[in-house]
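**Student:** Input structure: protein12.cif, which contains mmCIF, C-alpha atoms.
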```cif
data_target
#
loop_
_atom_site.label_atom_id
_atom_site.label_comp_id
_atom_site.auth_asym_id
_atom_site.auth_seq_id
_atom_site.Cartn_x
_atom_site.Cartn_y
_atom_site.Cartn_z
CA MET R 192 -10.28 0.95 0.54
CA THR R 193 -13.19 2.63 2.31
CA SER R 194 -12.76 3.60 5.95
CA PRO R 195 -15.44 2.37 8.34
CA GLN R 196 -18.24 4.79 9.03
CA ILE R 197 -18.31 6.27 12.53
CA ARG R 198 -21.54 5.43 14.37
CA ILE R 199 -22.97 8.06 16.71
CA LEU R 200 -25.77 7.47 19.20
CA LEU R 201 -27.88 10.62 19.42
CA VAL R 202 -30.09 10.82 22.52
CA GLU R 203 -32.62 13.62 22.11
CA ASP R 204 -36.25 13.76 23.22
CA SER R 205 -37.20 16.70 21.01
CA PRO R 206 -38.22 15.40 17.56
CA THR R 207 -37.23 18.70 15.93
CA GLN R 208 -33.78 18.79 17.52
CA ALA R 209 -33.23 15.09 16.78
CA THR R 210 -34.12 15.56 13.12
CA VAL R 211 -31.83 18.57 12.69
CA CYS R 212 -28.86 16.99 14.51
CA SER R 213 -29.28 13.66 12.77
CA MET R 214 -29.52 15.27 9.33
CA LEU R 215 -26.40 17.39 9.90
CA LEU R 216 -24.40 14.43 11.17
CA GLN R 217 -25.50 12.19 8.30
CA GLU R 218 -24.62 14.89 5.77
CA ALA R 219 -21.15 14.99 7.36
CA GLY R 220 -20.81 11.25 6.71
CA TYR R 221 -21.66 9.76 10.10
CA GLU R 222 -24.05 6.89 10.76
CA VAL R 223 -26.59 7.99 13.37
CA LEU R 224 -28.60 5.83 15.74
CA GLU R 225 -31.33 7.66 17.64
CA ALA R 226 -32.90 7.28 21.07
CA THR R 227 -35.48 9.48 22.77
CA THR R 228 -34.78 8.34 26.34
CA ALA R 229 -31.72 7.43 28.37
CA GLU R 230 -33.14 3.96 29.00
CA GLN R 231 -33.53 3.38 25.26
CA SER R 232 -29.98 4.57 24.67
CA LEU R 233 -28.61 2.08 27.21
CA GLU R 234 -30.33 -0.74 25.32
CA ILE R 235 -28.82 0.46 22.04
CA LEU R 236 -25.36 0.67 23.64
CA GLU R 237 -25.67 -2.96 24.76
CA ASN R 238 -26.52 -4.15 21.24
CA SER R 239 -24.57 -1.86 18.89
CA GLN R 240 -21.01 -0.70 18.53
CA VAL R 241 -21.04 3.06 18.89
CA GLN R 242 -18.01 5.35 18.69
CA LEU R 243 -19.61 8.47 20.21
CA LEU R 244 -22.54 9.25 22.50
CA LEU R 245 -24.19 12.60 21.84
CA THR R 246 -26.83 13.27 24.51
CA ASP R 247 -29.20 15.99 25.55
CA LEU R 248 -28.81 17.17 29.13
CA THR R 249 -32.54 17.17 29.85
CA LEU R 250 -34.23 13.84 29.17
CA PRO R 251 -37.42 12.24 30.49
CA GLY R 252 -36.89 9.76 33.32
CA MET R 253 -33.11 10.05 33.61
CA THR R 254 -30.95 13.13 33.04
CA GLY R 255 -28.10 13.21 30.56
CA ILE R 256 -25.70 13.46 33.51
CA GLU R 257 -27.07 10.26 35.05
CA LEU R 258 -26.82 8.60 31.64
CA CYS R 259 -23.15 9.61 31.50
CA ARG R 260 -22.59 8.11 34.95
CA ARG R 261 -24.20 4.84 33.89
CA VAL R 262 -22.15 4.72 30.68
CA ARG R 263 -18.91 5.39 32.61
CA SER R 264 -19.72 2.66 35.16
CA HIS R 265 -20.19 -0.07 32.55
CA PRO R 266 -17.02 -1.97 31.52
CA LEU R 267 -17.94 -2.03 27.82
CA THR R 268 -18.69 1.70 27.53
CA LYS R 269 -16.48 3.27 30.20
CA SER R 270 -14.15 4.82 27.60
CA LEU R 271 -16.84 5.85 25.10
CA PRO R 272 -16.50 9.54 24.17
CA ILE R 273 -19.53 11.55 25.32
CA VAL R 274 -20.71 14.99 24.25
CA VAL R 275 -23.53 16.57 26.26
CA LEU R 276 -25.79 19.06 24.52
CA THR R 277 -28.25 21.50 26.00
CA GLY R 278 -30.51 24.23 24.76
CA SER R 279 -30.37 25.90 28.19
#
```
Show me, as structure tokens, the structure contained in the file I just sent.

**Tutor:**
Amino acid sequence: MTSPQIRILLVEDSPTQATVCSMLLQEAGYEVLEATTAEQSLEILENSQVQLLLTDLTLPGMTGIELCRRVRSHPLTKSLPIVVLTGS
């Protein structure tokens, strides 16, 4: 019996960082969905079952912190594990 693959939503506006993170996560056996903005990630969260949100701190339009607040305030995602990344 095969265990279900864990799906991670990676929110990163840098194409280079997104490619590197996504590749490393996929090599480790995770399924990776990608978004380049917080708004795009919220749409993905509404339409896909995700087990982990991995977000950059600095995003265009909405910060990673504001994204975390929005995720925590929604009944369907309030308990979703979140990891915030930053190059700062």

**Student:** How many Å separate CA of Thr210 (chain R) from CA of Ser264 (chain R)?

**Tutor:**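 Taking CA of Thr210 (chain R) and CA of Ser264 (chain R), their separation equals 29.3 Å.
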
**Student:** Let me know the residues the PyMOL selection byres ((chain R and resi 219-236) around 8) catches in the file above, as a ChimeraX atom specification.

**Tutor:** /R:196-205,209,213,215-218,237-241,250-255,258,262,268

**Student:** For Leu276 (chain R), please output as a VMD selection string all residues within 7 Å (counting all atoms listed in the file; exclusion window: fewer than 4 positions along the same chain).

**Tutor:** chain R and resid 246 to 248

**Student:** Suppose you want the space between CA of Val211 (chain R) and CA of Arg263 (chain R); what is it in Å?

**Tutor:** 27.2 Å

**Student:** Just how far from CA of Thr207 (chain R) is CA of Thr249 (chain R), in Å to one decimal?

**Tutor:**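 We find that CA of Thr249 (chain R) and CA of Thr207 (chain R) lie 14.8 Å from each other.
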
**Student:** Which residue out of R:Cys212, R:Gln242, R:Ile273, R:Gly278 has the minimum interatomic distance to Arg261 (chain R) when all atoms listed in the file are used?

**Tutor:**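 Result for the nearest residue to Arg261 (chain R): R:Ile273.
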
**Student:** Have a look at R:Pro206, R:Cys259, R:Pro266, R:Thr277 and name the one nearest to Leu243 (chain R); count all atoms listed in the file.

**Tutor:**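 Closest to Leu243 (chain R) of all the choices is R:Cys259.
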
**Student:** Give, as JSON, the centre coordinates and the x, y and z edge lengths in Å to one decimal for an axis-aligned box around all listed atoms of region 225-238 of chain R, padded by 3 Å on each side.

**Tutor:**
```
{"center_x": -30.4, "center_y": 2.7, "center_z": 23.3, "size_x": 16.1, "size_y": 19.6, "size_z": 17.4}
```
